[in-house]
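Participant: Below you will find the structure I want to go over with you.
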Number of protein chains: 4
Amino acid sequence: MEMMKAAVFEGPGRIALGRKPVPHAGPGEAIVKVTMTTICGTDVHILKGEYPVAPGLTVGHEPVGVIAELGAGVDGYTLGQRVVVGAITPCGQCHPCLEGHQAQCGGHAIGGWRFGNTIDGCQAEYVRVPFAMANLAPVPSGLSDEQVLMCPDIMSTGFGGAENGAIRIGDTVAVFAQGPIGLCATAGARLRGASRIIAVDTVPARLEMAKRLGADHVIDFRHTDPVEAILELTGGQGADVAIEALGTQQTFESCLRALRPGGTLSSLGVYSGKLSLPVDAFAAGLGDHKLITTLCPGGKHRMRRLMDIVSSGRVDLRPLVTHRFPLDRIEEAYELFANQRDGVLKVAIVP
Amino acid sequence: MEMMKAAVFEGPGRIALGRKPVPHAGPGEAIVKVTMTTICGTDVHILKGEYPVAPGLTVGHEPVGVIAELGAGVDGYTLGQRVVVGAITPCGQCHPCLEGHQAQCGGHAIGGWRFGNTIDGCQAEYVRVPFAMANLAPVPSGLSDEQVLMCPDIMSTGFGGAENGAIRIGDTVAVFAQGPIGLCATAGARLRGASRIIAVDTVPARLEMAKRLGADHVIDFRHTDPVEAILELTGGQGADVAIEALGTQQTFESCLRALRPGGTLSSLGVYSGKLSLPVDAFAAGLGDHKLITTLCPGGKHRMRRLMDIVSSGRVDLRPLVTHRFPLDRIEEAYELFANQRDGVLKVAIVP
Amino acid sequence: MEMMKAAVFEGPGRIALGRKPVPHAGPGEAIVKVTMTTICGTDVHILKGEYPVAPGLTVGHEPVGVIAELGAGVDGYTLGQRVVVGAITPCGQCHPCLEGHQAQCGGHAIGGWRFGNTIDGCQAEYVRVPFAMANLAPVPSGLSDEQVLMCPDIMSTGFGGAENGAIRIGDTVAVFAQGPIGLCATAGARLRGASRIIAVDTVPARLEMAKRLGADHVIDFRHTDPVEAILELTGGQGADVAIEALGTQQTFESCLRALRPGGTLSSLGVYSGKLSLPVDAFAAGLGDHKLITTLCPGGKHRMRRLMDIVSSGRVDLRPLVTHRFPLDRIEEAYELFANQRDGVLKVAIVP
Amino acid sequence: MEMMKAAVFEGPGRIALGRKPVPHAGPGEAIVKVTMTTICGTDVHILKGEYPVAPGLTVGHEPVGVIAELGAGVDGYTLGQRVVVGAITPCGQCHPCLEGHQAQCGGHAIGGWRFGNTIDGCQAEYVRVPFAMANLAPVPSGLSDEQVLMCPDIMSTGFGGAENGAIRIGDTVAVFAQGPIGLCATAGARLRGASRIIAVDTVPARLEMAKRLGADHVIDFRHTDPVEAILELTGGQGADVAIEALGTQQTFESCLRALRPGGTLSSLGVYSGKLSLPVDAFAAGLGDHKLITTLCPGGKHRMRRLMDIVSSGRVDLRPLVTHRFPLDRIEEAYELFANQRDGVLKVAIVP
């Protein structure tokens, strides 16, 4: 049995490089030889035991690679073809998928997230892709692995936050937190036609990157109250759309307080503990507010659209890749990324 | 100076019938001689001092009447014409109105609610209508005052909850609380094509009325856990849409727990105190949930649409009027309504 | 090789009962033993040679039956289970399917319509169902074949016309032509909350049925100009939504002329020859009109929603089945249906 | 009586500079002293007698200026304030306005277009603005007249074509004709997140400008069949959205032929004569196509959003102003513009 290297969750606090058999493709599946992947904030939650997965699981959900094997019934692809696969791998054929809720595939919450959650993920030399017909997205020639590395998750998620915020031409959009997903939300808000984008964070390098990706104003909330600043910038009205990209009470609540009546809070964060809705910021339920949550959209069509954006040059997320590691040194990469050392935004992992 | 009777808020705990000058119409305004009005749950909040209004204000925001005076620039109407005016009286010309947020008229939260909140209301013999061109809605001949009495507020609000829940043909909709607004939400869900409507309350007469207005299942939550019952009725999936029509933590939270991933919580309640979002019921923010709040839509066009529904016979809300009082006895009506005595749903007040 | 009876297109003017091998299920497919089916207007176009299909093809696209065989990878179903399959059988996994255009499956126009168009249809004892996971919809217990017989096509199409017309509570909706699809559009408009539904046709029995399914007004256009009548009923404004359910220049144009500015023409008809857009009725392109075309939505989720409507008792389409034939006499059924004899609306065919 | 200069339609073929009394503001109105305006293609239709207006009417509908007089009831503005007024001046208070169809104000098609159509326009020293509360939009400090000159009409219209096309991130959008409105549609498509914008015209300078405003590909249809080119660029699929910005059979039909199934034709052109819908390009009505027409959105809120876009630097339309004339020489400007001489795109007229 051929073996491969894989980053395996062994228990809270431990993700280690191990060896596993190279997987094979059943009907409707494909095997992708991973050429580049990355680590997500969610992987750090898994590492810390904050998000439960089964010990022994290979982690990682952002694969770029080449097709190594095609299962029965997977047509229209060729071995060796370069592909991206979304973090979310919908089946396309269940009730939620058929009505457009592909991230909730199978009918239970978050059901579409399989890689590194309910099946082996892609921080490995090979990854088995379920529902391959719905999920293998060929990479347009001319795009490097690094150019499309953000498509599977953070670009799809961040853009989704902008899309589901229903931004209109001329809107003021505030984006709370400028980690990788917040930065993509900022870029997404720019793509949707916001006329004023206000990015909030504390890390100067992230605020700088926010400007590069489209923010008109940046607010360091250690020095400036972001809600007051947003109200002032909007003549006391508040933002049309506020995007939450961190998952804390403070950012969630600030989003609400920064919104105008009738505004939309587009939430991307993963919350834990208790979350309260401040009744005053919410006009006691009478402010015609909307609160929309978004899980990363997946599937090959989504990936194609995102890669088309990359091809067009509209958005270039390569600057987010601040560090590069071979798969052999992935434990080191986790250490760096989990502790947010050395100005890390995203790491590229090359098997 | 001609005087009239009016129900005046004198301070917490006191709404009393008093005398005030009959108002006159400035430019763009109209005076309506009230022929019927009603008391709303919000009026009770005002009475109890829970929602602050200025002492001396005439309360009430649900007028049916005839035009008694037309100010300069108000064209296309005639004295004596029967009209309904919405509880919300948008100007139609400010920024929020022009982009469709008429209930947030003026740019501050709840700004479109003026009657009995920021200007004298209609529990009186006459009421001054601001922005009359946008708000006077002629009553189609053949409809009685009682038939259209619910249009200004609870029908508009309840239907709005169904509309903003984005109900689709074949949806399962749960409506939590079957007071007057919840009952109208139930009727609205029926109008929008839900295939299964589940109404939750504890009062048998209200559950009975819910069935009459379109509910397929009713749940008395004193005897049955509504979340469990809804999950069971939906094969474990949850409802597509849950409408909150009470404004409590319990109903709000139950709505979330009763929803399927990707579902919509359409909130109509007025919340006070603390409101928490249970993170588990919310899939930690990853369930593609939507939470939409709605303030009663107003304006003459809205009123026309609602009266067209009444004319069509699709919905008959007359059974909600359980008690009738002359304006002279409005204090008695408040006492009955505030204490929910004698199976009261709505009272008709006739000046 | 086991043989079965099937209605086969032999060439223009000839659909005949023949014999074919019973099909078997490949991976992802299922075989359904047909227990009831019907004939559609499109089948008549095929018969007449107006819509080209390959000679030798089994026709028919509205199957009700029981599962006779399940191919590899088709899980969650059991042999003998009663199912409905939509006329449109999306794969769920191609680009159009993944972005919600399931009727255009595969990326070419009308690609989702396979039965009796590009693969053997269901006017036969058995039918092979492609992409079974996306298309087999179990029939709720308690519903008869005849109750769900309209789900695969005309109910889905007619309702789709109402849904895509974006009908709102209180709308006036005109439905031009009250054949089976127009009648379902009438029922759909009722389900979506229109307050006034105006049905246009010439056949008294169809107008009668329109009333039964929800029309408030019926217009026999041999005696009354429908555009004038609609304008008169709406105080000169025109309808909010007009649904075209025939596919002729006259009905298409009348829809446009009957619309208010900003209104929506929802088109269900299949047009041939030349179709012109009367510039005057269209405000020279400046009337903010919308023209939306809809092909029958398919897939198992759609079927489930429609059957839920049937279960709820909201809509009962059994009266549309005016005639019943065994499969053996299907040529006779075609003769009756194609010539619209004997007041036929729909025929039930029982293999 | 104070007199002013005004460009007056005297009859087909004749727009001449004349003298008229300076207007005064009635209740709800304002007088704007025009500091800059421009000529629109529609004005040329009026000049040629192709669009009928009353002889004696002052033409022009794109005013930039300062407030010279405020009528009774117009609050929140000051004399001397710089403002822009949209070409469309909704009342905000009629039925269509209250349901969001402001361009169809008053309930008849194109009813919101008043300036230079049903009331005196702005190619004059002063213009009377109806419904001033809904229509006076203050110009942000720092913006010149020329920077905001396109807001009243072509920017609003062109962007409206992109907005109503419901462009999504990653869409391919084809824009047929790159006159001033088509160029704004190109800029609007870019603002909404299209990943590939294909601009079609024949004039090299316009194609050059299209690139500058966001087109990725330009097609000169004298040398290249645009439909074939679009199909080739999209791998045979067709565009997601096609915007028609000319108003001819050829461009309309090419839009349809260039669309993918399920795509949207967003139409901005003003059509005359006969317009036919090619049934084949339309999949006989079964292609799930949408055809949306848009009249220039107006009102002060729209103007504010557009000026915010200008302020943000996202779009700079100053290069469209190719020629400048004093009002005294407006006849010369008409001659140049009507004959499309000297590479003219838009002219600035300064009273």
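Within each chain, counting starts at residue 1; across the structure tokens, chains are named A, B, ... in the order shown, with ligands numbered 1 upward in that order.
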As a short mmCIF file (atom, residue, chain, number, x, y, z; two decimals) with C-alpha atoms, in the first residue's frame, please: chain C after a least-squares superposition onto chain D using all C-alpha atoms matched in order.

Facilitator:
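See out-v1.cif below for the written result:
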data_model
loop_
_atom_site.label_atom_id
_atom_site.label_comp_id
_atom_site.auth_asym_id
_atom_site.auth_seq_id
_atom_site.Cartn_x
_atom_site.Cartn_y
_atom_site.Cartn_z
CA MET C 1 -40.71 90.61 -15.12
CA GLU C 2 -37.19 89.31 -15.07
CA MET C 3 -36.24 87.47 -18.21
CA MET C 4 -33.74 84.70 -18.91
CA LYS C 5 -32.27 82.82 -21.84
CA ALA C 6 -33.60 79.34 -22.58
CA ALA C 7 -33.24 76.73 -25.33
CA VAL C 8 -36.77 76.29 -26.62
CA PHE C 9 -38.26 73.61 -28.84
CA GLU C 10 -40.04 75.51 -31.57
CA GLY C 11 -41.02 72.59 -33.75
CA PRO C 12 -39.41 69.66 -35.51
CA GLY C 13 -35.92 70.62 -36.55
CA ARG C 14 -35.79 73.72 -34.42
CA ILE C 15 -34.42 74.24 -30.96
CA ALA C 16 -33.49 77.88 -30.55
CA LEU C 17 -32.20 80.13 -27.86
CA GLY C 18 -35.05 82.36 -26.73
CA ARG C 19 -36.12 84.45 -23.81
CA LYS C 20 -38.59 83.50 -21.12
CA PRO C 21 -39.58 84.87 -17.75
CA VAL C 22 -37.46 83.63 -14.86
CA PRO C 23 -39.67 81.10 -13.06
CA HIS C 24 -40.71 81.31 -9.42
CA ALA C 25 -41.19 78.61 -6.84
CA GLY C 26 -44.64 77.53 -5.74
CA PRO C 27 -45.22 75.44 -2.61
CA GLY C 28 -42.90 72.43 -2.57
CA GLU C 29 -40.85 73.76 -5.48
CA ALA C 30 -37.44 75.34 -5.86
CA ILE C 31 -35.71 77.46 -8.45
CA VAL C 32 -32.22 76.45 -9.41
CA LYS C 33 -29.85 78.80 -11.19
CA VAL C 34 -28.22 76.50 -13.70
CA THR C 35 -24.43 76.61 -13.68
CA MET C 36 -23.87 73.69 -16.03
CA THR C 37 -25.99 71.35 -18.09
CA THR C 38 -25.62 69.10 -21.10
CA ILE C 39 -27.43 67.73 -24.14
CA CYS C 40 -28.78 64.20 -24.21
CA GLY C 41 -29.54 61.88 -27.09
CA THR C 42 -33.20 62.23 -26.16
CA ASP C 43 -32.95 65.97 -26.78
CA VAL C 44 -31.84 65.15 -30.29
CA HIS C 45 -34.89 62.94 -30.74
CA ILE C 46 -36.98 65.90 -29.61
CA LEU C 47 -35.14 68.19 -32.01
CA LYS C 48 -35.82 65.85 -34.89
CA GLY C 49 -39.49 65.57 -33.97
CA GLU C 50 -39.12 61.88 -33.16
CA TYR C 51 -40.19 62.34 -29.58
CA PRO C 52 -43.10 64.75 -29.27
CA VAL C 53 -43.05 67.63 -26.82
CA ALA C 54 -45.09 70.82 -26.84
CA PRO C 55 -43.67 73.66 -28.92
CA GLY C 56 -42.51 76.42 -26.64
CA LEU C 57 -41.11 74.06 -24.05
CA THR C 58 -37.63 74.64 -22.68
CA VAL C 59 -35.62 71.47 -23.25
CA GLY C 60 -32.89 69.80 -21.18
CA HIS C 61 -33.02 67.52 -18.15
CA GLU C 62 -29.54 67.43 -16.64
CA PRO C 63 -29.13 70.39 -14.29
CA VAL C 64 -26.25 71.33 -12.04
CA GLY C 65 -26.67 74.65 -10.26
CA VAL C 66 -27.29 76.66 -7.14
CA ILE C 67 -30.53 77.16 -5.27
CA ALA C 68 -32.00 80.54 -6.15
CA GLU C 69 -35.41 80.30 -4.49
CA LEU C 70 -37.20 77.88 -2.17
CA GLY C 71 -40.98 77.48 -2.13
CA ALA C 72 -43.15 77.04 0.93
CA GLY C 73 -42.52 73.78 2.74
CA VAL C 74 -39.05 73.18 1.30
CA ASP C 75 -36.85 72.82 4.35
CA GLY C 76 -33.30 71.88 5.06
CA TYR C 77 -31.77 73.73 2.12
CA THR C 78 -30.21 77.16 1.83
CA LEU C 79 -30.14 79.72 -0.93
CA GLY C 80 -26.90 79.54 -2.84
CA GLN C 81 -26.39 75.87 -2.05
CA ARG C 82 -24.91 73.87 -4.92
CA VAL C 83 -27.19 71.07 -6.07
CA VAL C 84 -27.73 68.45 -8.71
CA VAL C 85 -31.22 67.39 -9.74
CA GLY C 86 -31.94 64.11 -11.47
CA ALA C 87 -33.44 63.98 -14.95
CA ILE C 88 -36.30 62.11 -13.34
CA THR C 89 -38.08 64.07 -10.61
CA PRO C 90 -40.35 61.78 -8.62
CA CYS C 91 -42.96 63.14 -6.22
CA GLY C 92 -42.25 60.37 -3.73
CA GLN C 93 -45.87 60.27 -2.65
CA CYS C 94 -47.90 58.62 -5.39
CA HIS C 95 -48.59 54.92 -5.68
CA PRO C 96 -45.73 54.05 -8.06
CA CYS C 97 -43.26 56.13 -6.04
CA LEU C 98 -44.31 54.51 -2.79
CA GLU C 99 -43.67 51.07 -4.21
CA GLY C 100 -40.32 51.96 -5.67
CA HIS C 101 -41.19 52.74 -9.29
CA GLN C 102 -40.21 56.36 -9.04
CA ALA C 103 -39.40 56.74 -12.71
CA GLN C 104 -43.03 55.86 -13.43
CA CYS C 105 -44.24 58.57 -11.03
CA GLY C 106 -47.91 59.40 -11.32
CA GLY C 107 -48.88 56.03 -12.67
CA HIS C 108 -48.35 56.53 -16.36
CA ALA C 109 -45.34 55.29 -18.28
CA ILE C 110 -42.27 57.53 -18.05
CA GLY C 111 -44.27 59.82 -15.74
CA GLY C 112 -41.25 60.70 -13.65
CA TRP C 113 -39.51 62.37 -16.58
CA ARG C 114 -40.73 65.94 -16.43
CA PHE C 115 -37.84 68.31 -17.26
CA GLY C 116 -37.88 69.17 -20.93
CA ASN C 117 -40.68 66.70 -21.48
CA THR C 118 -43.80 67.88 -19.67
CA ILE C 119 -42.41 70.95 -17.88
CA ASP C 120 -39.72 73.45 -18.76
CA GLY C 121 -36.24 71.96 -18.70
CA CYS C 122 -32.83 73.18 -17.70
CA GLN C 123 -31.09 74.34 -20.83
CA ALA C 124 -31.76 77.78 -19.47
CA GLU C 125 -30.49 80.17 -16.86
CA TYR C 126 -33.01 79.00 -14.30
CA VAL C 127 -35.15 75.92 -13.87
CA ARG C 128 -38.10 75.26 -11.60
CA VAL C 129 -37.71 71.99 -9.70
CA PRO C 130 -40.93 70.19 -8.74
CA PHE C 131 -41.15 68.17 -5.52
CA ALA C 132 -37.99 69.86 -4.34
CA MET C 133 -37.79 67.95 -1.07
CA ALA C 134 -37.42 64.73 -3.03
CA ASN C 135 -35.12 66.06 -5.69
CA LEU C 136 -32.57 68.65 -4.57
CA ALA C 137 -29.28 66.85 -3.98
CA PRO C 138 -26.48 68.95 -2.47
CA VAL C 139 -23.13 68.58 -4.21
CA PRO C 140 -20.38 67.43 -1.83
CA SER C 141 -17.75 70.10 -1.45
CA GLY C 142 -14.75 69.40 -3.56
CA LEU C 143 -16.65 68.23 -6.60
CA SER C 144 -16.77 70.45 -9.65
CA ASP C 145 -19.81 70.93 -11.84
CA GLU C 146 -18.16 68.90 -14.55
CA GLN C 147 -17.51 66.01 -12.17
CA VAL C 148 -21.20 65.65 -11.36
CA LEU C 149 -22.63 66.64 -14.72
CA MET C 150 -23.33 63.03 -15.72
CA CYS C 151 -25.19 62.16 -12.52
CA PRO C 152 -28.66 63.40 -13.51
CA ASP C 153 -29.02 61.08 -16.47
CA ILE C 154 -26.39 58.98 -18.16
CA MET C 155 -24.55 57.81 -15.06
CA SER C 156 -27.82 56.96 -13.36
CA THR C 157 -29.15 55.23 -16.46
CA GLY C 158 -25.99 53.35 -17.35
CA PHE C 159 -25.41 52.19 -13.79
CA GLY C 160 -29.10 51.27 -13.60
CA GLY C 161 -28.58 48.96 -16.54
CA ALA C 162 -25.81 47.20 -14.67
CA GLU C 163 -27.77 47.10 -11.41
CA ASN C 164 -30.96 45.77 -12.96
CA GLY C 165 -28.97 43.21 -14.89
CA ALA C 166 -28.33 41.70 -11.44
CA ILE C 167 -24.65 41.25 -12.21
CA ARG C 168 -22.87 38.97 -9.78
CA ILE C 169 -19.22 38.63 -8.88
CA GLY C 170 -17.56 36.71 -11.67
CA ASP C 171 -20.14 37.40 -14.38
CA THR C 172 -19.37 37.97 -18.02
CA VAL C 173 -21.19 41.09 -19.18
CA ALA C 174 -21.52 42.31 -22.76
CA VAL C 175 -22.45 45.94 -23.36
CA PHE C 176 -23.78 46.73 -26.81
CA ALA C 177 -23.02 50.30 -27.91
CA GLN C 178 -20.57 52.60 -26.22
CA GLY C 179 -22.23 55.95 -26.49
CA PRO C 180 -22.39 57.91 -23.26
CA ILE C 181 -24.99 55.59 -21.69
CA GLY C 182 -23.26 52.43 -22.83
CA LEU C 183 -19.99 53.72 -21.45
CA CYS C 184 -21.65 54.31 -18.10
CA ALA C 185 -23.12 50.80 -18.25
CA THR C 186 -19.59 49.52 -18.79
CA ALA C 187 -18.39 51.45 -15.76
CA GLY C 188 -21.39 50.18 -13.81
CA ALA C 189 -20.69 46.57 -14.74
CA ARG C 190 -17.18 47.06 -13.46
CA LEU C 191 -18.51 48.49 -10.20
CA ARG C 192 -20.79 45.48 -9.68
CA GLY C 193 -18.03 42.91 -9.87
CA ALA C 194 -18.21 41.47 -13.37
CA SER C 195 -15.01 39.61 -14.10
CA ARG C 196 -15.17 40.05 -17.85
CA ILE C 197 -16.73 43.02 -19.59
CA ILE C 198 -17.05 43.00 -23.34
CA ALA C 199 -17.82 46.34 -24.96
CA VAL C 200 -19.19 46.51 -28.51
CA ASP C 201 -19.18 49.54 -30.79
CA THR C 202 -17.61 50.76 -34.00
CA VAL C 203 -16.00 54.03 -33.05
CA PRO C 204 -12.38 53.52 -32.01
CA ALA C 205 -12.41 56.46 -29.58
CA ARG C 206 -15.45 55.03 -27.85
CA LEU C 207 -13.90 51.60 -27.61
CA GLU C 208 -10.81 53.23 -26.18
CA MET C 209 -12.93 55.04 -23.61
CA ALA C 210 -14.70 51.75 -22.82
CA LYS C 211 -11.37 50.23 -21.89
CA ARG C 212 -10.58 53.18 -19.71
CA LEU C 213 -13.90 52.77 -17.89
CA GLY C 214 -13.50 49.08 -17.28
CA ALA C 215 -13.99 46.94 -20.38
CA ASP C 216 -11.70 43.92 -20.64
CA HIS C 217 -12.42 43.26 -24.29
CA VAL C 218 -13.67 45.56 -27.01
CA ILE C 219 -15.28 44.45 -30.24
CA ASP C 220 -15.62 46.58 -33.33
CA PHE C 221 -18.63 44.98 -34.92
CA ARG C 222 -17.73 46.24 -38.38
CA HIS C 223 -14.83 43.79 -38.32
CA THR C 224 -15.95 41.09 -35.92
CA ASP C 225 -19.29 39.44 -35.36
CA PRO C 226 -19.91 40.31 -31.72
CA VAL C 227 -22.19 37.34 -30.98
CA GLU C 228 -19.62 34.89 -32.30
CA ALA C 229 -16.85 36.64 -30.45
CA ILE C 230 -18.76 36.58 -27.17
CA LEU C 231 -19.62 32.92 -27.56
CA GLU C 232 -15.99 32.17 -28.27
CA LEU C 233 -14.77 34.16 -25.28
CA THR C 234 -17.19 32.26 -23.04
CA GLY C 235 -16.41 28.80 -24.29
CA GLY C 236 -19.68 28.66 -26.20
CA GLN C 237 -21.79 29.49 -23.14
CA GLY C 238 -22.72 33.08 -23.77
CA ALA C 239 -22.69 36.07 -21.48
CA ASP C 240 -24.43 36.09 -18.13
CA VAL C 241 -25.75 39.58 -18.75
CA ALA C 242 -26.07 41.63 -21.93
CA ILE C 243 -26.79 45.34 -21.75
CA GLU C 244 -28.48 47.05 -24.69
CA ALA C 245 -27.60 50.73 -24.88
CA LEU C 246 -28.66 51.85 -28.33
CA GLY C 247 -32.27 50.97 -29.08
CA THR C 248 -32.05 49.11 -32.39
CA GLN C 249 -33.28 45.73 -33.55
CA GLN C 250 -29.73 44.68 -34.30
CA THR C 251 -28.27 45.40 -30.89
CA PHE C 252 -31.35 44.07 -29.10
CA GLU C 253 -31.25 40.85 -31.03
CA SER C 254 -27.51 40.49 -30.66
CA CYS C 255 -27.90 40.82 -26.91
CA LEU C 256 -30.33 37.91 -26.87
CA ARG C 257 -28.10 35.79 -29.07
CA ALA C 258 -25.06 36.52 -26.93
CA LEU C 259 -26.76 35.40 -23.70
CA ARG C 260 -26.44 32.07 -21.97
CA PRO C 261 -29.61 30.22 -20.98
CA GLY C 262 -30.85 31.80 -17.80
CA GLY C 263 -29.13 35.07 -18.68
CA THR C 264 -30.43 38.61 -18.39
CA LEU C 265 -30.89 41.17 -21.11
CA SER C 266 -30.82 44.57 -19.46
CA SER C 267 -32.25 47.07 -21.88
CA LEU C 268 -31.56 50.81 -21.77
CA GLY C 269 -32.26 51.76 -25.38
CA VAL C 270 -35.20 53.79 -26.62
CA TYR C 271 -36.80 51.77 -29.39
CA SER C 272 -38.85 52.98 -32.28
CA GLY C 273 -40.56 51.27 -35.17
CA LYS C 274 -40.79 47.53 -34.88
CA LEU C 275 -38.93 45.33 -32.48
CA SER C 276 -38.95 41.58 -32.86
CA LEU C 277 -37.95 38.87 -30.42
CA PRO C 278 -36.15 36.18 -32.39
CA VAL C 279 -37.77 33.01 -31.15
CA ASP C 280 -34.70 30.88 -31.76
CA ALA C 281 -32.40 33.12 -29.74
CA PHE C 282 -34.93 32.97 -27.00
CA ALA C 283 -35.16 29.18 -26.82
CA ALA C 284 -38.80 29.52 -27.87
CA GLY C 285 -39.52 30.99 -24.45
CA LEU C 286 -37.97 28.08 -22.56
CA GLY C 287 -34.49 29.44 -21.83
CA ASP C 288 -35.24 31.06 -18.46
CA HIS C 289 -34.20 34.39 -19.93
CA LYS C 290 -34.97 37.67 -18.28
CA LEU C 291 -35.48 40.92 -20.14
CA ILE C 292 -35.44 44.00 -17.95
CA THR C 293 -35.95 47.58 -19.10
CA THR C 294 -34.75 50.53 -17.08
CA LEU C 295 -35.60 54.20 -17.15
CA CYS C 296 -33.09 56.50 -15.48
CA PRO C 297 -33.53 56.35 -11.69
CA GLY C 298 -33.96 59.80 -10.14
CA GLY C 299 -34.55 61.50 -6.83
CA LYS C 300 -32.07 63.06 -4.44
CA HIS C 301 -31.07 59.79 -2.83
CA ARG C 302 -30.00 58.34 -6.15
CA MET C 303 -28.04 61.51 -6.89
CA ARG C 304 -26.30 61.30 -3.52
CA ARG C 305 -25.21 57.73 -4.14
CA LEU C 306 -23.85 58.64 -7.56
CA MET C 307 -21.99 61.66 -6.26
CA ASP C 308 -20.53 59.47 -3.50
CA ILE C 309 -19.14 57.25 -6.25
CA VAL C 310 -17.64 60.30 -7.93
CA SER C 311 -16.18 61.50 -4.61
CA SER C 312 -14.65 58.10 -3.98
CA GLY C 313 -12.75 58.29 -7.23
CA ARG C 314 -14.14 54.91 -8.30
CA VAL C 315 -15.41 56.34 -11.57
CA ASP C 316 -14.36 59.52 -13.31
CA LEU C 317 -16.62 60.56 -16.16
CA ARG C 318 -14.99 63.89 -16.91
CA PRO C 319 -13.32 62.47 -20.00
CA LEU C 320 -16.77 62.07 -21.52
CA VAL C 321 -17.06 65.85 -21.70
CA THR C 322 -15.38 66.46 -25.01
CA HIS C 323 -16.75 69.92 -25.79
CA ARG C 324 -17.83 73.00 -23.89
CA PHE C 325 -20.18 75.80 -24.98
CA PRO C 326 -21.74 78.81 -23.37
CA LEU C 327 -25.55 78.70 -23.35
CA ASP C 328 -25.48 81.44 -25.95
CA ARG C 329 -24.00 79.01 -28.43
CA ILE C 330 -26.25 76.05 -27.61
CA GLU C 331 -27.62 75.88 -31.17
CA GLU C 332 -24.10 75.22 -32.32
CA ALA C 333 -23.73 72.59 -29.62
CA TYR C 334 -26.87 70.86 -30.87
CA GLU C 335 -25.59 70.90 -34.39
CA LEU C 336 -22.32 69.27 -33.32
CA PHE C 337 -23.92 66.75 -30.98
CA ALA C 338 -26.79 65.76 -33.25
CA ASN C 339 -24.38 65.02 -36.04
CA GLN C 340 -21.85 63.31 -33.81
CA ARG C 341 -19.11 65.46 -35.26
CA ASP C 342 -15.59 65.91 -34.02
CA GLY C 343 -15.58 62.85 -31.78
CA VAL C 344 -18.15 64.36 -29.46
CA LEU C 345 -19.29 62.30 -26.50
CA LYS C 346 -20.95 64.87 -24.26
CA VAL C 347 -20.99 68.64 -24.32
CA ALA C 348 -20.97 70.91 -21.27
CA ILE C 349 -23.27 73.92 -21.55
CA VAL C 350 -22.58 76.85 -19.26
CA PRO C 351 -25.28 79.52 -18.91
#
